[in-house]
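Student: Please see the structure below; I have some questions.
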Amino acid sequence: MKLFKAKIPVIARDLLDQLTADHDLELNDRQEAELDIQSVLNEYLRLERDLTDRAKDMLEARSLSFGQFGRVKRTLAEQSGVGSGDEPIVWMCNQILETFMQSPAVDEVFREDSELRSKMKVIIRRHMLVDEELDQEVRDRIKNLQEGGASWDVEYARVMDQIRHKRGLDKA
């Protein structure tokens, strides 16, 4: 599962839509609450980039093959508290809950943490899986191009736009 930066505002909006519709939260400033959630998700992306960089550095420093990248990154993720697999979603949910408790934009939280965490995990996972499916479909279509080049980036964006349009996932 992967979190894409472009999806962060959508995820924040969906989380608040669901939690306020179910009367789990009472907000006094919805826009600020969305920004609070976005800041947590952006921090996760920053941590993810940092872990990736650190894993690459360790591979290079220890002269390990790139095949060890996943194992090294997983180990670093465990050490940092973010974890791997579904654990990053749990980490994001815990951070969002902390933000709700401290944010002046949230007047009241009416549900237990475990109930809120459960609802948020479903929403975040759904967004991350959809993007992963789209990403894989795009990569399958442009597999003849070498990843990392300018032509690959341009073609990736073009094909992604086509697929999103076809599936009705155009940017609103």
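Labels used: A, B, ... for chains in the order of the structure tokens, numbers from 1 for residues in each chain, and numbers from 1 for ligands as shown.
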DSSP on the backbone: what in segment 105-141 of chain A comes out strand (DSSP E), as a PyMOL selection string?
Tutor: chain A and resi 106-109
Student: Generate a file of the selected residues that holds N, CA and C atoms, formatted as an mmCIF file, in the first residue's frame.
Tutor:
```cif
data_model
loop_
_atom_site.group_PDB
_atom_site.id
_atom_site.type_symbol
_atom_site.label_atom_id
_atom_site.label_comp_id
_atom_site.auth_asym_id
_atom_site.auth_seq_id
_atom_site.Cartn_x
_atom_site.Cartn_y
_atom_site.Cartn_z
ATOM 1 N N VAL A 106 -11.343 20.882 16.941
ATOM 2 C CA VAL A 106 -12.244 19.801 17.346
ATOM 3 C C VAL A 106 -12.833 20.151 18.703
ATOM 4 N N ASP A 107 -14.166 20.325 18.724
ATOM 5 C CA ASP A 107 -14.839 20.657 19.979
ATOM 6 C C ASP A 107 -14.995 19.449 20.887
ATOM 7 N N GLU A 108 -15.410 18.332 20.286
ATOM 8 C CA GLU A 108 -15.713 17.159 21.108
ATOM 9 C C GLU A 108 -15.485 15.878 20.323
ATOM 10 N N VAL A 109 -14.994 14.866 21.024
ATOM 11 C CA VAL A 109 -14.846 13.521 20.473
ATOM 12 C C VAL A 109 -15.806 12.636 21.263
#
```
Student: Could you pull the residues within 12 Å of Ile123 of chain A, counting only C-alpha atoms, minus those fewer than 2 positions along the same chain, as an mmCIF file with C-alpha atoms, in the first residue's frame?
Tutor:
```cif
data_model
loop_
_atom_site.group_PDB
_atom_site.id
_atom_site.type_symbol
_atom_site.label_atom_id
_atom_site.label_comp_id
_atom_site.auth_asym_id
_atom_site.auth_seq_id
_atom_site.Cartn_x
_atom_site.Cartn_y
_atom_site.Cartn_z
ATOM 1 C CA LYS A 7 -4.599 11.943 -2.146
ATOM 2 C CA ILE A 8 -3.918 13.543 1.238
ATOM 3 C CA VAL A 10 -9.129 13.726 -0.250
ATOM 4 C CA ILE A 11 -8.372 11.359 2.623
ATOM 5 C CA ALA A 12 -8.637 14.176 5.175
ATOM 6 C CA ARG A 13 -11.986 15.253 3.723
ATOM 7 C CA ASP A 14 -13.310 11.676 3.655
ATOM 8 C CA LEU A 15 -12.215 11.030 7.233
ATOM 9 C CA LEU A 16 -13.993 14.122 8.510
ATOM 10 C CA ASP A 17 -17.064 13.453 6.336
ATOM 11 C CA GLN A 18 -17.438 9.985 7.847
ATOM 12 C CA LEU A 19 -16.638 10.918 11.434
ATOM 13 C CA ILE A 89 -1.979 2.924 8.942
ATOM 14 C CA VAL A 90 -2.277 2.313 12.681
ATOM 15 C CA MET A 92 -1.349 7.445 11.122
ATOM 16 C CA CYS A 93 -4.620 6.770 12.959
ATOM 17 C CA LEU A 116 -12.447 5.902 15.689
ATOM 18 C CA ARG A 117 -9.245 4.073 14.794
ATOM 19 C CA SER A 118 -11.253 1.259 13.214
ATOM 20 C CA LYS A 119 -13.264 3.663 11.027
ATOM 21 C CA MET A 120 -10.198 5.644 10.016
ATOM 22 C CA LYS A 121 -8.214 2.506 9.093
ATOM 23 C CA ARG A 125 -6.669 1.641 3.526
ATOM 24 C CA ARG A 126 -9.336 2.090 0.822
ATOM 25 C CA HIS A 127 -7.546 5.147 -0.574
ATOM 26 C CA MET A 128 -4.146 3.521 -0.422
ATOM 27 C CA LEU A 129 -5.346 0.350 -2.170
ATOM 28 C CA VAL A 130 -7.088 2.228 -4.986
#
```
Student: For Arg49 of chain A, find every residue with an atom within 12 Å (counting only C-alpha atoms), except residues of its own chain fewer than 3 positions away, and show them as a list in words.
Tutor: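 Result of the neighbour search: Lys2, Leu3, Phe4, Lys5, Asn42, Glu43, Tyr44, Leu45, Arg46, Thr52, Asp53, Arg54, Ala55, Lys56, Lys73, Leu76 and Ala77 of chain A.
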Student: Write a file of the just-selected residues containing C-alpha atoms, as a PDB file, in the first residue's frame.
Tutor:
```pdb
ATOM      1  CA  LYS A   2       1.203   3.450  -0.811  1.00  0.00           C
ATOM      2  CA  LEU A   3       0.116   6.901   0.239  1.00  0.00           C
ATOM      3  CA  PHE A   4       0.276   9.449  -2.562  1.00  0.00           C
ATOM      4  CA  LYS A   5       0.658  13.121  -1.704  1.00  0.00           C
ATOM      5  CA  ASN A  42       2.404  14.636   5.247  1.00  0.00           C
ATOM      6  CA  GLU A  43       4.578  13.785   8.247  1.00  0.00           C
ATOM      7  CA  TYR A  44       4.128  10.094   7.446  1.00  0.00           C
ATOM      8  CA  LEU A  45       5.293  10.748   3.870  1.00  0.00           C
ATOM      9  CA  ARG A  46       8.315  12.626   5.212  1.00  0.00           C
ATOM     10  CA  THR A  52      13.929   5.053   2.173  1.00  0.00           C
ATOM     11  CA  ASP A  53      16.987   7.311   2.127  1.00  0.00           C
ATOM     12  CA  ARG A  54      18.416   5.741   5.272  1.00  0.00           C
ATOM     13  CA  ALA A  55      17.871   2.225   3.884  1.00  0.00           C
ATOM     14  CA  LYS A  56      19.659   3.145   0.644  1.00  0.00           C
ATOM     15  CA  LYS A  73      13.792  -0.606   5.337  1.00  0.00           C
ATOM     16  CA  LEU A  76      14.416   0.763  10.174  1.00  0.00           C
ATOM     17  CA  ALA A  77      10.631   1.252  10.123  1.00  0.00           C
TER      18      ALA A  77
END
```
Student: Residues within 9 Å of Arg111 of chain A, please, as a PDB file with C-alpha atoms, in the first residue's frame. Count only C-alpha atoms; anything in the same chain fewer than 5 positions from it doesn't count.
Tutor:
```pdb
ATOM      1  CA  HIS A  23     -21.561  12.049  15.037  1.00  0.00           C
ATOM      2  CA  ASP A  24     -18.184  10.814  16.274  1.00  0.00           C
ATOM      3  CA  LEU A  25     -16.714  14.322  16.235  1.00  0.00           C
ATOM      4  CA  LEU A 116     -12.447   5.902  15.689  1.00  0.00           C
TER       5      LEU A 116
END
```
Student: As an exercise, work out the distance from atom CA of Arg139 of chain A to atom CA of Met1 of chain A in Å and give it to one decimal place.
Tutor: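 Going from atom CA of Arg139 of chain A over to atom CA of Met1 of chain A, I get 15.0 Å.
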Student: Which of segment 82-141 of chain A end up as alpha helix (DSSP H) when DSSP is run on this backbone - answer as a PyMOL selection string?
Tutor: chain A and resi 87-102+113-141
